[in-house]
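**Student:** Here it is, the structure in full.
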Amino acid sequence: MKKTVYTKLIVAYLLFAFFGFIVVATFISRTITNLVVKTEADKLYKEAIIVADTYATDLYNSEISIDRVKKQLDILGVYFDATIWIMNPSGLIVLSSDTPVDIMNPSSVENFSTVDNTGGYYTVGNFYGSFDDDVLSVFAPILTNFQLQGYVVIHKEMTEIQDLSNMLLNVSYYLLIILFVLSLIILIFFTSNVYRPLRKITKATEEYASGNLHYQFQIDSEDELGYLAASLNYMANELSKVEDNQKQIVANVSHDFRSPLTSIKGYSEAMLDGTIPPELHNKYLEIVTNESDRLIKLTNSLLTLNNLNTEGMMLEITDFDINTAIRKTVATFEGACQKKRISISLTLTGEHLFVKGDMGKIQQVIYNLMDNAIKFSNKDSTIFIETKEKHKKVFISVKDQGIGIPKESLNQIWDRFYKTDLSRGKDKRGTGLGLSITREIIRAHGENINCISTEGEGTEFLFTLPLSDINEED
């Protein structure tokens, strides 16, 4: 059987209750009784000393009458609710507050020994059989001229002392019960605010471990457990997104690989079995070559994107002229622009404008944005490229006059393999990875890239790079 923390806590609570009761019933009970007896004995001993030093001493010195002493003992006996004796060392009772004076027939305590009283000033018992029940007996010696004449002995019934002890013991039990109730409240609080949330967290981790990343739970708490629950939910959501993205990537890659592979395989088999005559081989070999190029481009894009994700910090940061990089990149699209009769308008700040970044990867960003702009631009249109310096940043803009992007698709264009419905007819050879690669490169530089688009009018991509200090030197 699995032992939970809660079970252990319940067992600890029950053990605490059991041993707490045992301690109160034994050790504390005995301690309270001894304390009450000692306190009462001290009080009576002080009175016994006073009687021994005054009335009893005067009686043995014949300075006061026995009747007067008897009267004082009676008063004190009533006041302290006790029996007061004046007795000789031999055990003969000279005076007692409970019985009249009888000189002719005095009482005595059999087996009384002064040796028994040398170890202390009080005893608990029936005092050598003189009482039926236990009493507290306190001794005070009567001395005249440094000689022991007798004792003042005060006897108090233990029932009264025991009642006081029981009352104090009951207070201890009440305190113990209050302590148990408070402990129970703490246990209930722990159950509600710690154990149950912990069980939810444990259940959630079991669900996540089994692969159910869509399992959701909620803990309404603003402490560490609430933070942990929120973190676990966030982690599960992120892992779920990663899993969904992986599935989507696999599905997209499979789809994008299947189409050109099917074409390559189909045309190759058709040429081999003679379905396509030899005079048409060059035509279909060109198609096979184009499809192969498409596969190579897709593979290279995937490798590039993967390297950016895993090695995003490995950038070769240098100071380079962004204007020159733009001019060189634009020159590579001269043929594509002529084919669609697209003109390029460059509005560059200054002859040279230096920025900090990885020149090769930034050129790839410009290439991807130019490639997109040309693909989706209408014939006889213009692509505008602009650089602008502001607040120690350089803003690079690539704007076309093409088909634009629907508003509902703007947040999805950065996703891998995503293509809008409008772009599918114009981008037969695209992989859907260009903008993903572009954003990863800009993010690796610690900068931002944004897209502004109006459907049917065109699209503008705007990204930033840090301005180089070389510009200030110039």
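Lettering and numbering for the structure tokens are positional, with chains as A, B, ... in the shown order, residues counted from 1 in each chain, and ligands counted from 1 in the shown order.
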Give me the residues near Thr464 of chain A as a PDB file with N, CA and C atoms, in the first residue's frame, where near means some atom within 6 Å (using only C-alpha atoms) and where sequence neighbours in that chain fewer than 5 positions away do not count.
**Tutor:**
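File written: selection.pdb
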```
ATOM      1  N   VAL A 394      18.496  51.336 -37.191  1.00  0.00           N
ATOM      2  CA  VAL A 394      18.281  51.495 -38.636  1.00  0.00           C
ATOM      3  C   VAL A 394      17.048  50.679 -38.998  1.00  0.00           C
ATOM      4  N   PHE A 395      16.065  51.333 -39.605  1.00  0.00           N
ATOM      5  CA  PHE A 395      14.822  50.669 -40.013  1.00  0.00           C
ATOM      6  C   PHE A 395      14.921  50.344 -41.501  1.00  0.00           C
ATOM      7  N   GLU A 447      16.453  41.771 -32.450  1.00  0.00           N
ATOM      8  CA  GLU A 447      15.666  42.837 -33.056  1.00  0.00           C
ATOM      9  C   GLU A 447      14.268  42.341 -33.404  1.00  0.00           C
TER      10      GLU A 447
END
```
**Student:** Taking 6 positions as the minimum chain separation for residues in the same chain, which residues sit within 6 Å of segment 150-165 of chain A when counting only C-alpha atoms? Answer as a list of chain:residue names.
**Tutor:** A:Thr33, A:Ala48, A:Ala52, A:Ala82, A:Thr83, A:Ile84, A:Trp85, A:Ile86, A:Met87, A:Asn88, A:Pro89, A:Asp134, A:Val135, A:Leu136, A:Ser137, A:Val138, A:Phe139, A:Ala140, A:Pro141, A:Ile142
**Student:** May I have the residues within 12 Å of Ser183 of chain A as a tab-separated table (two decimals) with all heavy atoms, in the first residue's frame, using only C-alpha atoms and disregarding those fewer than 2 positions away in the same chain?
**Tutor:**
```tsv
chain	number	residue	atom	x	y	z
A	9	LEU	N	0.87	12.33	7.87
A	9	LEU	CA	0.50	13.47	8.71
A	9	LEU	C	-0.62	13.09	9.68
A	9	LEU	O	-0.60	13.48	10.85
A	9	LEU	CB	0.08	14.64	7.82
A	9	LEU	CG	-0.13	15.98	8.54
A	9	LEU	CD1	1.19	16.47	9.13
A	9	LEU	CD2	-0.67	17.02	7.57
A	10	ILE	N	-1.61	12.33	9.21
A	10	ILE	CA	-2.70	11.88	10.07
A	10	ILE	C	-2.17	10.99	11.18
A	10	ILE	O	-2.55	11.13	12.36
A	10	ILE	CB	-3.77	11.14	9.25
A	10	ILE	CG1	-4.50	12.11	8.30
A	10	ILE	CG2	-4.78	10.46	10.15
A	10	ILE	CD1	-5.32	13.15	9.01
A	12	ALA	N	0.85	10.96	12.36
A	12	ALA	CA	1.62	11.81	13.28
A	12	ALA	C	0.69	12.58	14.21
A	12	ALA	O	0.98	12.73	15.41
A	12	ALA	CB	2.50	12.76	12.49
A	13	TYR	N	-0.44	13.05	13.68
A	13	TYR	CA	-1.40	13.79	14.50
A	13	TYR	C	-2.00	12.89	15.58
A	13	TYR	O	-2.12	13.29	16.74
A	13	TYR	CB	-2.50	14.35	13.61
A	13	TYR	CG	-3.60	15.06	14.37
A	13	TYR	CD1	-3.41	16.35	14.86
A	13	TYR	CD2	-4.82	14.44	14.61
A	13	TYR	CE1	-4.40	17.01	15.57
A	13	TYR	CE2	-5.82	15.09	15.33
A	13	TYR	CZ	-5.61	16.36	15.80
A	13	TYR	OH	-6.59	17.00	16.51
A	14	LEU	N	-2.38	11.66	15.20
A	14	LEU	CA	-2.97	10.73	16.18
A	14	LEU	C	-1.94	10.33	17.24
A	14	LEU	O	-2.27	10.23	18.43
A	14	LEU	CB	-3.49	9.49	15.46
A	14	LEU	CG	-4.69	9.73	14.52
A	14	LEU	CD1	-5.06	8.45	13.79
A	14	LEU	CD2	-5.88	10.29	15.29
A	16	PHE	N	0.55	12.18	18.17
A	16	PHE	CA	0.70	13.38	19.00
A	16	PHE	C	-0.42	13.46	20.02
A	16	PHE	O	-0.18	13.78	21.20
A	16	PHE	CB	0.70	14.61	18.09
A	16	PHE	CG	0.63	15.91	18.84
A	16	PHE	CD1	1.70	16.37	19.58
A	16	PHE	CD2	-0.53	16.68	18.80
A	16	PHE	CE1	1.63	17.57	20.26
A	16	PHE	CE2	-0.61	17.87	19.49
A	16	PHE	CZ	0.48	18.32	20.23
A	17	ALA	N	-1.67	13.16	19.60
A	17	ALA	CA	-2.80	13.20	20.52
A	17	ALA	C	-2.66	12.14	21.61
A	17	ALA	O	-2.88	12.40	22.80
A	17	ALA	CB	-4.10	12.99	19.75
A	176	LEU	N	-4.82	20.99	26.56
A	176	LEU	CA	-4.46	19.94	25.60
A	176	LEU	C	-5.53	19.80	24.53
A	176	LEU	O	-5.22	19.67	23.34
A	176	LEU	CB	-4.26	18.61	26.34
A	176	LEU	CG	-3.80	17.43	25.47
A	176	LEU	CD1	-2.44	17.72	24.86
A	176	LEU	CD2	-3.75	16.15	26.29
A	177	ILE	N	-6.80	19.86	24.95
A	177	ILE	CA	-7.90	19.77	23.98
A	177	ILE	C	-7.87	20.96	23.02
A	177	ILE	O	-8.04	20.80	21.80
A	177	ILE	CB	-9.25	19.70	24.72
A	177	ILE	CG1	-9.37	18.37	25.47
A	177	ILE	CG2	-10.41	19.86	23.74
A	177	ILE	CD1	-10.59	18.29	26.37
A	178	ILE	N	-7.63	22.16	23.58
A	178	ILE	CA	-7.53	23.35	22.73
A	178	ILE	C	-6.39	23.19	21.73
A	178	ILE	O	-6.51	23.54	20.54
A	178	ILE	CB	-7.33	24.61	23.59
A	178	ILE	CG1	-8.61	24.89	24.39
A	178	ILE	CG2	-6.98	25.82	22.71
A	178	ILE	CD1	-8.45	26.01	25.41
A	179	LEU	N	-5.26	22.64	22.23
A	179	LEU	CA	-4.11	22.43	21.35
A	179	LEU	C	-4.45	21.44	20.25
A	179	LEU	O	-4.07	21.63	19.08
A	179	LEU	CB	-2.93	21.92	22.19
A	179	LEU	CG	-1.60	21.75	21.45
A	179	LEU	CD1	-1.13	23.09	20.87
A	179	LEU	CD2	-0.53	21.19	22.38
A	180	PHE	N	-5.19	20.37	20.59
A	180	PHE	CA	-5.60	19.39	19.59
A	180	PHE	C	-6.54	20.02	18.56
A	180	PHE	O	-6.44	19.75	17.37
A	180	PHE	CB	-6.30	18.20	20.26
A	180	PHE	CG	-5.36	17.32	21.04
A	180	PHE	CD1	-5.84	16.49	22.04
A	180	PHE	CD2	-4.00	17.32	20.78
A	180	PHE	CE1	-4.98	15.68	22.77
A	180	PHE	CE2	-3.13	16.51	21.51
A	180	PHE	CZ	-3.62	15.69	22.50
A	181	VAL	N	-7.46	20.86	19.05
A	181	VAL	CA	-8.39	21.52	18.14
A	181	VAL	C	-7.64	22.45	17.19
A	181	VAL	O	-7.90	22.48	15.97
A	181	VAL	CB	-9.47	22.30	18.92
A	181	VAL	CG1	-10.30	23.16	17.97
A	181	VAL	CG2	-10.37	21.33	19.68
A	185	ILE	N	-7.34	22.26	13.20
A	185	ILE	CA	-7.58	23.37	12.27
A	185	ILE	C	-6.41	23.52	11.31
A	185	ILE	O	-6.60	23.73	10.10
A	185	ILE	CB	-7.81	24.68	13.06
A	185	ILE	CG1	-9.12	24.60	13.86
A	185	ILE	CG2	-7.83	25.89	12.12
A	185	ILE	CD1	-9.34	25.78	14.78
A	186	ILE	N	-5.20	23.39	11.85
A	186	ILE	CA	-4.00	23.45	10.99
A	186	ILE	C	-4.02	22.31	9.99
A	186	ILE	O	-3.67	22.47	8.81
A	186	ILE	CB	-2.73	23.42	11.86
A	186	ILE	CG1	-2.63	24.68	12.71
A	186	ILE	CG2	-1.49	23.26	10.98
A	186	ILE	CD1	-1.48	24.68	13.69
A	187	LEU	N	-4.44	21.11	10.46
A	187	LEU	CA	-4.51	19.95	9.57
A	187	LEU	C	-5.53	20.19	8.46
A	187	LEU	O	-5.28	19.87	7.29
A	187	LEU	CB	-4.88	18.70	10.38
A	187	LEU	CG	-4.96	17.39	9.61
A	187	LEU	CD1	-3.60	17.04	9.01
A	187	LEU	CD2	-5.43	16.26	10.52
A	188	ILE	N	-6.69	20.74	8.82
A	188	ILE	CA	-7.71	21.04	7.82
A	188	ILE	C	-7.20	22.10	6.84
A	188	ILE	O	-7.39	21.99	5.62
A	188	ILE	CB	-9.00	21.52	8.51
A	188	ILE	CG1	-9.62	20.38	9.34
A	188	ILE	CG2	-10.01	22.03	7.48
A	188	ILE	CD1	-10.79	20.82	10.19
A	189	PHE	N	-6.53	23.11	7.38
A	189	PHE	CA	-5.94	24.15	6.53
A	189	PHE	C	-4.92	23.54	5.58
A	189	PHE	O	-4.88	23.86	4.38
A	189	PHE	CB	-5.30	25.23	7.39
A	189	PHE	CG	-4.61	26.31	6.61
A	189	PHE	CD1	-5.32	27.37	6.09
A	189	PHE	CD2	-3.25	26.26	6.38
A	189	PHE	CE1	-4.69	28.37	5.36
A	189	PHE	CE2	-2.60	27.24	5.65
A	189	PHE	CZ	-3.33	28.30	5.14
A	190	PHE	N	-4.08	22.65	6.12
A	190	PHE	CA	-3.06	21.98	5.30
A	190	PHE	C	-3.74	21.15	4.21
A	190	PHE	O	-3.29	21.13	3.05
A	190	PHE	CB	-2.19	21.10	6.19
A	190	PHE	CG	-1.20	20.26	5.43
A	190	PHE	CD1	0.03	20.78	5.05
A	190	PHE	CD2	-1.49	18.95	5.09
A	190	PHE	CE1	0.94	20.01	4.34
A	190	PHE	CE2	-0.58	18.17	4.39
A	190	PHE	CZ	0.63	18.71	4.01
```
**Student:** Do a neighbour search on Asn105 of chain A at 12 Å with only C-alpha atoms, toss out local chain neighbours closer than 5 positions, and write the hits as a PyMOL selection string.
**Tutor:** chain A and resi 92-95+99-100
**Student:** Grab the residues selected above and save them as a compact mmCIF listing (two decimals), in the first residue's frame with C-alpha atoms.
**Tutor:**
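Final output, again.txt:
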```
# COMPACT_ATOMS: atom_id res chain seq x y z
CA LEU A 92 3.30 12.72 73.29
CA ILE A 93 0.67 15.20 72.06
CA VAL A 94 0.72 18.18 74.47
CA LEU A 95 -1.97 20.22 72.64
CA THR A 99 -9.49 17.97 71.03
CA PRO A 100 -9.93 19.64 74.44
```
**Student:** State, in Å with one decimal place, the distance from atom CA of Asn290 of chain A to atom CA of Gln363 of chain A.
**Tutor:**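 Result for atom CA of Asn290 of chain A versus atom CA of Gln363 of chain A: 24.7 Å, one decimal.
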